[in-house]
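Right, one structure below, let's go through it.
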Amino acid sequence: MPAPFRDWFARRGWVPRPHQIALLEKARENRSALLIAPTGAGKTLAGFLPSLADLATRPPAGKAGRGPHTLYISPLKALAVDIARNLEAPVAEIGLKIAIETRTGDTPAHKRQRQKLKPPDILLTTPEQLALLLSNSDAGRFFADLRTVIFDELHALVTAKRGDLLALGLARLRKLAPDLRVVGLSATVSEPDDLRAWLMLQPDEGERRLADLVTVAGGAKPEVSILDTEERLPWAGHSAVHAMGEIYAAIKANRMVLVFVNTRSQAERIFQELWRINEDVLPIALHHGSLDVGQRRRVETAMAAGSLRCVVCTSTLDLGIDWGDVDLVVNIGAPKGASRLAQRIGRANHRMDEPSRAILVPANRFEVMECTVALEANTIGAQDTPRLKTGSLDVLAQHVLGMACSAPFSPDDLHAEIGSAAPYHALTREAFDRVVEFVATGGYALKSYERFAKIRRGQDGLFRITHPSVAQQYRLNVGTIVEAPLLKVRFASRKRGGPVGMGGRVLGEVEEYFVETLAPGDTFLFAGLVVRFEGIRDNDAVVSRTIDEAPKVPAYAGGKFPLSTYLAAGVRGLLADEGSWARLPDQVSDWLRLQKRASVLPKRDELLVETFPRGNRFYMVAYPFEGRLAHQTLGMLLTRRLERARLRPMGFVASDYALAVWGLGDMGAAFAKGKPTVSDLFDQDMLGDDLDAWLAESHLLKRTFRACALISGLIERRHPGKEKTGRQVTISTDLIYDVLRSHEPDHILLQATWADAATGLLDVRRLSDMLGRVQGHILHKPLDRISPLAVPVMLDIGKEPVGGEASEDILRENADDLVREAMGELQAEAKAGETLS
Amino acid sequence: MHGTIAPSHERAPDPFAACTVASVPLALLAEGALWWAEERTLVVADLHLEKGSAFAARGQMLPPYDTIATLKRLAALVARMKPERVIALGDSFHDMRGSGRMSATDHGALATLTRAAEWIWIAGNHDPEPPKDLGGRAMQELTIGPIIFRHEPRPGTAPGEIAGHLHPSARIVGRGRSIRRRCFASDGRRLVMPAFGALAGGLNVLDEAFRPLFSGRAFHAFMLGESVHPVAGRRLVGG
């Protein structure tokens, strides 16, 4: 370490940490590295130290100027800004002359222009801005002096399409600056080698090339407990209202508490419940991604200033921004993943040598089991972060156009470059060529758009854009984050007695998909208030105040994240092993014992399927523990099959743990007669034709297609001079989907949609794994009444949207019997006519 | 005398809904077309042929199959209903150069269709001068008995107007789900037809644009599905 740096550490009374030294050494050997460290380990400074040291001794630039020395990429704009601020202190104190600047979507155009002409030494930016810089025709000159790239929160970046775009950007950076050194900073993950490979240029053949690994052992063991409630544990639901008194007591007993929940609506509910009992008027705030930005910033500022006692928040506060001293984390509901839990716990106490403290508050009995498993995983440091994804073709299409905007490209060279990025290592030349075709003319079998091509191959064999406007369009539409279309939630300015008007205060934004399920007059929670939905005006969901205390539309119960396979396996194991129930609260173990007496408990690898009559209907409850998304898909497929077996299914409800299907036919009796057998019903072949047929109609697939169409550039989000919001994409992607599917079902964009659906909203891959696993291990238990284990999912009926009901039925319900009316009228007229004549 | 309001054919009746406009009985077909049995007249609105290629010319490569998809559905209807007259109610082409971009096959298929019946191209705002080389007769408006056919509905006109242009769609909410469909909109005095084109989008019937046409919500949206579902205006949801 250079002397001025050593002195600086000494002046602060600090000793450089081993991993900070290790990264300096890696830099001296010009080796790329992945640093895995828990929150609070001084990860970011470790990443920047080598660059600061190098820049300290770099001779001043010549007249021609110089490009940036170090590029820092973070998933959040706010994080880039935060880091820039944190770097300024050491740079000033060591007495370095280093220019550090951020470049994000918020950076004003004149500053961006100036940055291009006179780049800073260290540029902090986001994946989208990197893609934009790389699509410039002077990208080669701009990045010629680049020595280091630092990827922060790499574990969060690589699991999404943004990671694909970034991997492609990195491949291009390596081409422009071949000696580039790459540093990844990450929280603990299950497969560090995936990230190490992601950082490196992958060879055509042979073993994966891996970056060096530097690991920081965890600090003090966190103190985590599960709330052992005095109250009665709910059977179902996600609100944890039973535990509010105990949570409030914890807030009172601590200085600053973060209450994590899984969804926006859960946050709203908890916030409302806490204030209901907030006798001491403690400063308790609410923070989630749908709130108005101004309101969020106020909460963050108050938090950093230490003037709040509690913030109820969603994962928007998950990532490593330092908002101040949190001394307790309360996680409400199930954590859904062991690694997610570890990261949330890490938010408490940003000093490594003191233990983080956290309380898990399960909201129902199944969640108690999930929390128990997650807690044990946390103790042994088990991780269940998702594996690295295969690069998406829609992102590739966007990148190919970006590269064409930058400079004419040879398909051979670009294919080789793209294949050097880990996510695209397996990309075949054929697939690449199809993507290039897609970019040029849409890639249709019917080649009628040649004359409109966006890129075209010249005599020299190079592809180039056909018109400068193509580059302009590309720049307006870069990026892979396709927000669900959002509507502003706005108060109506109701004039006395008049119609609902515009112009009231904006409370925040909410997904259009949520608003679509509301009818005028429905009440729901938003921004800490119960509001009444009045209707949609332009891009606003207009609401009014209401005196109702209980919202009519229940909180959307499930979280965004399905239960991880690791936790699912743990819960199945816990259920099967009676000896381990001692770890559960009495209320829960008693419940399991009851289940054992009344029905049966499945072994670890068994799938339990119970059937029983109730009211005038027949029910089937299955317990796959594969997460809500996979269960929803399973529910759709099972109801189709039951329909064919004439068992007249009427609907289903899916939770993270179980699935209940009901109908007019006796499913238990049918299984007993083998019409069909239960194993036929759950046979893997349902993933064939049934899945195809259902998917064709599924709005989830259409939603997935919309994202692919936007990212790939088939549809523009924004057109020069015409700024469109999410709601007003120029043309309905549903219609495009229908036309494409019936005329060219193997089109590359439909392939990309399928690939996304397998892991995304439909979780087909996980369903397929489960169906394979349980073959021959399906345990059918016919019962004459509901079992204890079935109670939670049965209670969800009526609270959760019911799947499996045909749109036609809903349409029919709403329709008037006009045919009869019309006929009746005509007959009456005809009679009248007869009388007259 | 009244003709039958049901489409005439041997098989079981196809899905449709009955309605009257200015006391003329009409069948609204699930395909989004109108059948006037008494006149053996089939009416389709807003075909927007060659919309895909219009977008492609501006750099958005929509599937080039919209024309063929629309024509196939139209041809099937013509074959089934055997109309003596077909009225294309305007915006048959997405733009004035649309017919020029048509593939030879599609051009041929359309020309065959227009010979199968008395074919009338009503002028639309996208295609004020319908194509000359495809057969059929171009008209601004057409009056048959108490019914007047025109592209853009005119507020306050006398009963009997059948128009297109607005691409009506309707939305209902039920059981936690939202269903949006193209629809006919009618109060018995006038009828606005849904767009027939494969890539023609929809506009909610509760939008401002419909307000001058109907009195409040005193109209029905005939929503297209496997059948045609007449839903009262008061049951509809905006957005």
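Just so we're on the same page: first chain in the structure tokens is A, next is B, and so on; residues restart at 1 for each chain, and ligands are numbered from 1 in the order they show up.
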Note to self: Please list as a ChimeraX atom specification every residue within 6 Å of region 225-237 of chain B, counting only C-alpha atoms and excluding residues in the same chain fewer than 6 positions away.
What the structure shows: /A:814-816 /B:15-17,30,171-172,217,219
Please save N, CA, C and O atoms of the selected residues as a compact mmCIF listing (two decimals), in the first residue's frame.
```
# COMPACT_ATOMS: atom_id res chain seq x y z
N ASN A 814 -72.27 -11.47 -16.61
CA ASN A 814 -72.50 -10.04 -16.69
C ASN A 814 -73.47 -9.65 -17.80
O ASN A 814 -73.92 -8.52 -17.86
N ALA A 815 -73.73 -10.60 -18.68
CA ALA A 815 -74.55 -10.26 -19.85
C ALA A 815 -76.03 -10.30 -19.49
O ALA A 815 -76.46 -11.02 -18.61
N ASP A 816 -76.81 -9.50 -20.20
CA ASP A 816 -78.26 -9.55 -20.05
C ASP A 816 -78.80 -10.56 -21.05
O ASP A 816 -78.19 -10.85 -22.06
N PRO B 15 -72.59 -18.41 -33.03
CA PRO B 15 -72.75 -17.48 -31.93
C PRO B 15 -72.99 -16.06 -32.43
O PRO B 15 -72.25 -15.58 -33.29
N PHE B 16 -74.02 -15.47 -31.94
CA PHE B 16 -74.32 -14.09 -32.31
C PHE B 16 -75.22 -13.52 -31.24
O PHE B 16 -75.72 -14.23 -30.39
N ALA B 17 -75.44 -12.23 -31.29
CA ALA B 17 -76.44 -11.61 -30.44
C ALA B 17 -77.37 -10.83 -31.34
O ALA B 17 -76.94 -10.29 -32.37
N ALA B 30 -70.05 -13.11 -33.56
CA ALA B 30 -68.92 -13.20 -32.63
C ALA B 30 -67.59 -12.83 -33.29
O ALA B 30 -66.63 -12.47 -32.62
N ARG B 171 -64.72 -3.36 -20.85
CA ARG B 171 -64.04 -4.09 -19.78
C ARG B 171 -65.03 -4.35 -18.66
O ARG B 171 -65.81 -3.47 -18.28
N ILE B 172 -65.00 -5.56 -18.15
CA ILE B 172 -65.76 -5.86 -16.94
C ILE B 172 -64.81 -6.47 -15.92
O ILE B 172 -63.73 -6.96 -16.27
N ARG B 217 -74.92 6.23 -19.65
CA ARG B 217 -74.54 4.82 -19.85
C ARG B 217 -75.72 3.99 -20.36
O ARG B 217 -75.76 2.78 -20.19
N PHE B 219 -76.62 2.39 -22.80
CA PHE B 219 -76.30 1.64 -24.02
C PHE B 219 -75.81 0.27 -23.59
O PHE B 219 -75.57 0.04 -22.39
```
Sorted by chain and rising residue number, list the residues of chain B at most 6 Å from chain A (counting only C-alpha atoms), each with its closest atom pair and distance in Å to one decimal, as a tab-separated table.
```
residue	atom	partner	partner_atom	distance
B:Ala18	CA	A:Val819	CA	5.6
B:Ala57	CA	A:Phe452	CA	5.3
B:Gln60	CA	A:Leu714	CA	5.7
B:Met61	CA	A:Gly442	CA	5.0
B:Gly176	CA	A:Thr517	CA	5.3
B:Arg177	CA	A:Thr517	CA	5.2
B:Ser178	CA	A:Thr517	CA	5.3
B:Leu199	CA	A:Leu735	CA	5.6
B:His229	CA	A:Ala815	CA	5.3
B:Pro230	CA	A:Ala815	CA	4.9
B:Val231	CA	A:Ala815	CA	4.5
B:Gly238	CA	A:Ile536	CA	5.9
B:Gly239	CA	A:Ile536	CA	5.3
```
For those residues, write all heavy atoms to a file as a tab-separated table (two decimals), in the first residue's frame.
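Output file part-v7.tsv is given in full below:
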```tsv
chain	number	residue	atom	x	y	z
B	18	ALA	N	-78.63	-10.78	-30.96
B	18	ALA	CA	-79.58	-10.03	-31.75
B	18	ALA	C	-79.71	-8.62	-31.19
B	18	ALA	O	-79.58	-8.42	-29.99
B	18	ALA	CB	-80.93	-10.72	-31.71
B	57	ALA	N	-42.27	0.14	-41.99
B	57	ALA	CA	-41.67	1.22	-42.76
B	57	ALA	C	-41.08	2.28	-41.83
B	57	ALA	O	-40.20	3.04	-42.21
B	57	ALA	CB	-42.72	1.85	-43.68
B	60	GLN	N	-40.47	-0.37	-36.94
B	60	GLN	CA	-40.97	-1.34	-35.96
B	60	GLN	C	-41.53	-2.54	-36.71
B	60	GLN	O	-42.58	-2.47	-37.34
B	60	GLN	CB	-42.06	-0.72	-35.09
B	60	GLN	CG	-41.53	0.38	-34.21
B	60	GLN	CD	-42.52	0.74	-33.11
B	60	GLN	OE1	-42.95	-0.08	-32.32
B	60	GLN	NE2	-42.89	2.00	-33.07
B	61	MET	N	-40.77	-3.63	-36.63
B	61	MET	CA	-41.04	-4.76	-37.52
B	61	MET	C	-42.16	-5.66	-36.99
B	61	MET	O	-41.92	-6.79	-36.59
B	61	MET	CB	-39.75	-5.58	-37.69
B	61	MET	CG	-38.56	-4.76	-38.14
B	61	MET	SD	-38.81	-4.09	-39.80
B	61	MET	CE	-37.43	-2.95	-39.89
B	176	GLY	N	-62.29	-11.08	-9.14
B	176	GLY	CA	-60.88	-10.73	-9.06
B	176	GLY	C	-60.18	-10.72	-10.40
B	176	GLY	O	-58.96	-10.69	-10.47
B	177	ARG	N	-60.94	-10.77	-11.47
B	177	ARG	CA	-60.31	-10.73	-12.78
B	177	ARG	C	-60.89	-9.62	-13.63
B	177	ARG	O	-62.01	-9.18	-13.41
B	177	ARG	CB	-60.52	-12.06	-13.50
B	177	ARG	CG	-59.63	-13.15	-12.96
B	177	ARG	CD	-59.83	-14.42	-13.74
B	177	ARG	NE	-59.60	-14.20	-15.16
B	177	ARG	CZ	-59.92	-15.12	-16.08
B	177	ARG	NH1	-60.46	-16.25	-15.73
B	177	ARG	NH2	-59.67	-14.87	-17.34
B	178	SER	N	-60.11	-9.20	-14.58
B	178	SER	CA	-60.55	-8.15	-15.48
B	178	SER	C	-60.60	-8.73	-16.88
B	178	SER	O	-59.67	-9.40	-17.31
B	178	SER	CB	-59.55	-7.00	-15.40
B	178	SER	OG	-59.67	-6.17	-16.52
B	199	LEU	N	-54.68	-6.43	-36.17
B	199	LEU	CA	-53.79	-5.62	-35.32
B	199	LEU	C	-54.44	-4.30	-34.90
B	199	LEU	O	-53.78	-3.41	-34.39
B	199	LEU	CB	-52.47	-5.34	-36.03
B	199	LEU	CG	-51.45	-6.49	-36.11
B	199	LEU	CD1	-50.16	-6.00	-36.76
B	199	LEU	CD2	-51.15	-7.10	-34.75
B	229	HIS	N	-71.77	-11.20	-25.90
B	229	HIS	CA	-72.40	-11.00	-24.61
B	229	HIS	C	-72.84	-9.56	-24.43
B	229	HIS	O	-72.01	-8.68	-24.33
B	229	HIS	CB	-71.42	-11.36	-23.48
B	229	HIS	CG	-70.84	-12.74	-23.63
B	229	HIS	ND1	-71.49	-13.86	-23.19
B	229	HIS	CD2	-69.69	-13.18	-24.20
B	229	HIS	CE1	-70.75	-14.93	-23.46
B	229	HIS	NE2	-69.66	-14.53	-24.08
B	230	PRO	N	-74.16	-9.33	-24.40
B	230	PRO	CA	-74.64	-7.95	-24.22
B	230	PRO	C	-74.52	-7.53	-22.76
B	230	PRO	O	-75.19	-8.09	-21.91
B	230	PRO	CB	-76.11	-8.03	-24.63
B	230	PRO	CG	-76.41	-9.47	-24.89
B	230	PRO	CD	-75.26	-10.30	-24.46
B	231	VAL	N	-73.65	-6.57	-22.48
B	231	VAL	CA	-73.44	-6.13	-21.11
B	231	VAL	C	-73.92	-4.69	-20.98
B	231	VAL	O	-73.54	-3.84	-21.79
B	231	VAL	CB	-71.95	-6.24	-20.71
B	231	VAL	CG1	-71.73	-5.75	-19.29
B	231	VAL	CG2	-71.47	-7.68	-20.86
B	238	GLY	N	-64.03	1.50	-16.65
B	238	GLY	CA	-63.16	2.27	-17.54
B	238	GLY	C	-61.73	1.74	-17.56
B	238	GLY	O	-61.39	0.81	-16.84
B	239	GLY	N	-60.89	2.36	-18.37
B	239	GLY	CA	-59.47	2.03	-18.37
B	239	GLY	C	-59.11	0.95	-19.35
B	239	GLY	O	-59.92	0.36	-19.97
```
Item checked: Residue set, region 24-179 of chain B restricted to strand (DSSP E), as a VMD selection string -> chain B and resid 24 to 29 34 to 36 41 to 44 85 to 88 118 to 122 137 to 139 142 to 144 147 to 149 161 to 163 168 to 174 177 to 179
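Across the structure, CA of Ala658 (chain A) and CA of Ser768 (chain A) are spaced 16.2 Å apart.
If you look at CA of His126 (chain B) and CA of Phe93 (chain B), they are 6.8 Å away from each other.
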Counting only C-alpha atoms, what is within 10 Å of Ala56 (chain A), bar same-chain residues fewer than 3 positions away, as a PDB file with N, CA, C and O atoms, in the first residue's frame?
```pdb
ATOM      1  N   PRO A   2       0.587   2.218  -0.875  1.00  0.00           N
ATOM      2  CA  PRO A   2       1.418   3.422  -0.924  1.00  0.00           C
ATOM      3  C   PRO A   2       1.375   4.169   0.420  1.00  0.00           C
ATOM      4  O   PRO A   2       0.370   4.117   1.125  1.00  0.00           O
ATOM      5  N   PRO A   4       1.023   7.339   1.476  1.00  0.00           N
ATOM      6  CA  PRO A   4      -0.062   8.252   1.880  1.00  0.00           C
ATOM      7  C   PRO A   4      -1.310   7.490   2.337  1.00  0.00           C
ATOM      8  O   PRO A   4      -2.044   7.949   3.210  1.00  0.00           O
ATOM      9  N   PHE A   5      -1.544   6.337   1.749  1.00  0.00           N
ATOM     10  CA  PHE A   5      -2.711   5.529   2.117  1.00  0.00           C
ATOM     11  C   PHE A   5      -2.519   4.946   3.517  1.00  0.00           C
ATOM     12  O   PHE A   5      -3.420   4.964   4.335  1.00  0.00           O
ATOM     13  N   PRO A  50      -7.366  -0.190  -4.982  1.00  0.00           N
ATOM     14  CA  PRO A  50      -6.334  -0.359  -6.018  1.00  0.00           C
ATOM     15  C   PRO A  50      -6.393   0.755  -7.067  1.00  0.00           C
ATOM     16  O   PRO A  50      -5.347   1.246  -7.509  1.00  0.00           O
ATOM     17  N   SER A  51      -7.618   1.168  -7.446  1.00  0.00           N
ATOM     18  CA  SER A  51      -7.737   2.235  -8.442  1.00  0.00           C
ATOM     19  C   SER A  51      -7.199   3.540  -7.880  1.00  0.00           C
ATOM     20  O   SER A  51      -6.487   4.280  -8.568  1.00  0.00           O
ATOM     21  N   LEU A  52      -7.545   3.830  -6.616  1.00  0.00           N
ATOM     22  CA  LEU A  52      -7.062   5.073  -6.002  1.00  0.00           C
ATOM     23  C   LEU A  52      -5.537   5.063  -5.949  1.00  0.00           C
ATOM     24  O   LEU A  52      -4.884   6.065  -6.260  1.00  0.00           O
ATOM     25  N   ALA A  53      -4.969   3.910  -5.565  1.00  0.00           N
ATOM     26  CA  ALA A  53      -3.504   3.796  -5.471  1.00  0.00           C
ATOM     27  C   ALA A  53      -2.859   4.011  -6.834  1.00  0.00           C
ATOM     28  O   ALA A  53      -1.857   4.720  -6.973  1.00  0.00           O
ATOM     29  N   PRO A  59       0.812   9.706 -14.089  1.00  0.00           N
ATOM     30  CA  PRO A  59       1.229  11.031 -14.565  1.00  0.00           C
ATOM     31  C   PRO A  59       0.036  11.787 -15.132  1.00  0.00           C
ATOM     32  O   PRO A  59      -0.927  11.166 -15.584  1.00  0.00           O
ATOM     33  N   VAL A  91     -10.548  10.409  -0.545  1.00  0.00           N
ATOM     34  CA  VAL A  91      -9.766  11.047  -1.613  1.00  0.00           C
ATOM     35  C   VAL A  91      -9.252  12.412  -1.145  1.00  0.00           C
ATOM     36  O   VAL A  91      -8.079  12.748  -1.325  1.00  0.00           O
ATOM     37  N   ILE A  94      -6.661  11.928   1.859  1.00  0.00           N
ATOM     38  CA  ILE A  94      -5.339  11.437   1.449  1.00  0.00           C
ATOM     39  C   ILE A  94      -4.641  12.507   0.603  1.00  0.00           C
ATOM     40  O   ILE A  94      -3.431  12.496   0.445  1.00  0.00           O
ATOM     41  N   GLY A  95      -5.425  13.445   0.092  1.00  0.00           N
ATOM     42  CA  GLY A  95      -4.848  14.519  -0.707  1.00  0.00           C
ATOM     43  C   GLY A  95      -4.636  14.122  -2.165  1.00  0.00           C
ATOM     44  O   GLY A  95      -3.656  14.495  -2.791  1.00  0.00           O
ATOM     45  N   LEU A  96      -5.587  13.329  -2.689  1.00  0.00           N
ATOM     46  CA  LEU A  96      -5.457  12.885  -4.081  1.00  0.00           C
ATOM     47  C   LEU A  96      -6.186  13.844  -5.010  1.00  0.00           C
ATOM     48  O   LEU A  96      -7.200  14.431  -4.632  1.00  0.00           O
ATOM     49  N   LYS A  97      -5.672  13.992  -6.221  1.00  0.00           N
ATOM     50  CA  LYS A  97      -6.364  14.808  -7.220  1.00  0.00           C
ATOM     51  C   LYS A  97      -7.025  13.851  -8.209  1.00  0.00           C
ATOM     52  O   LYS A  97      -6.452  13.497  -9.238  1.00  0.00           O
ATOM     53  N   ILE A  98      -8.200  13.393  -7.826  1.00  0.00           N
ATOM     54  CA  ILE A  98      -8.899  12.419  -8.652  1.00  0.00           C
ATOM     55  C   ILE A  98     -10.316  12.926  -8.895  1.00  0.00           C
ATOM     56  O   ILE A  98     -11.005  13.303  -7.958  1.00  0.00           O
TER      57      ILE A  98
END
```
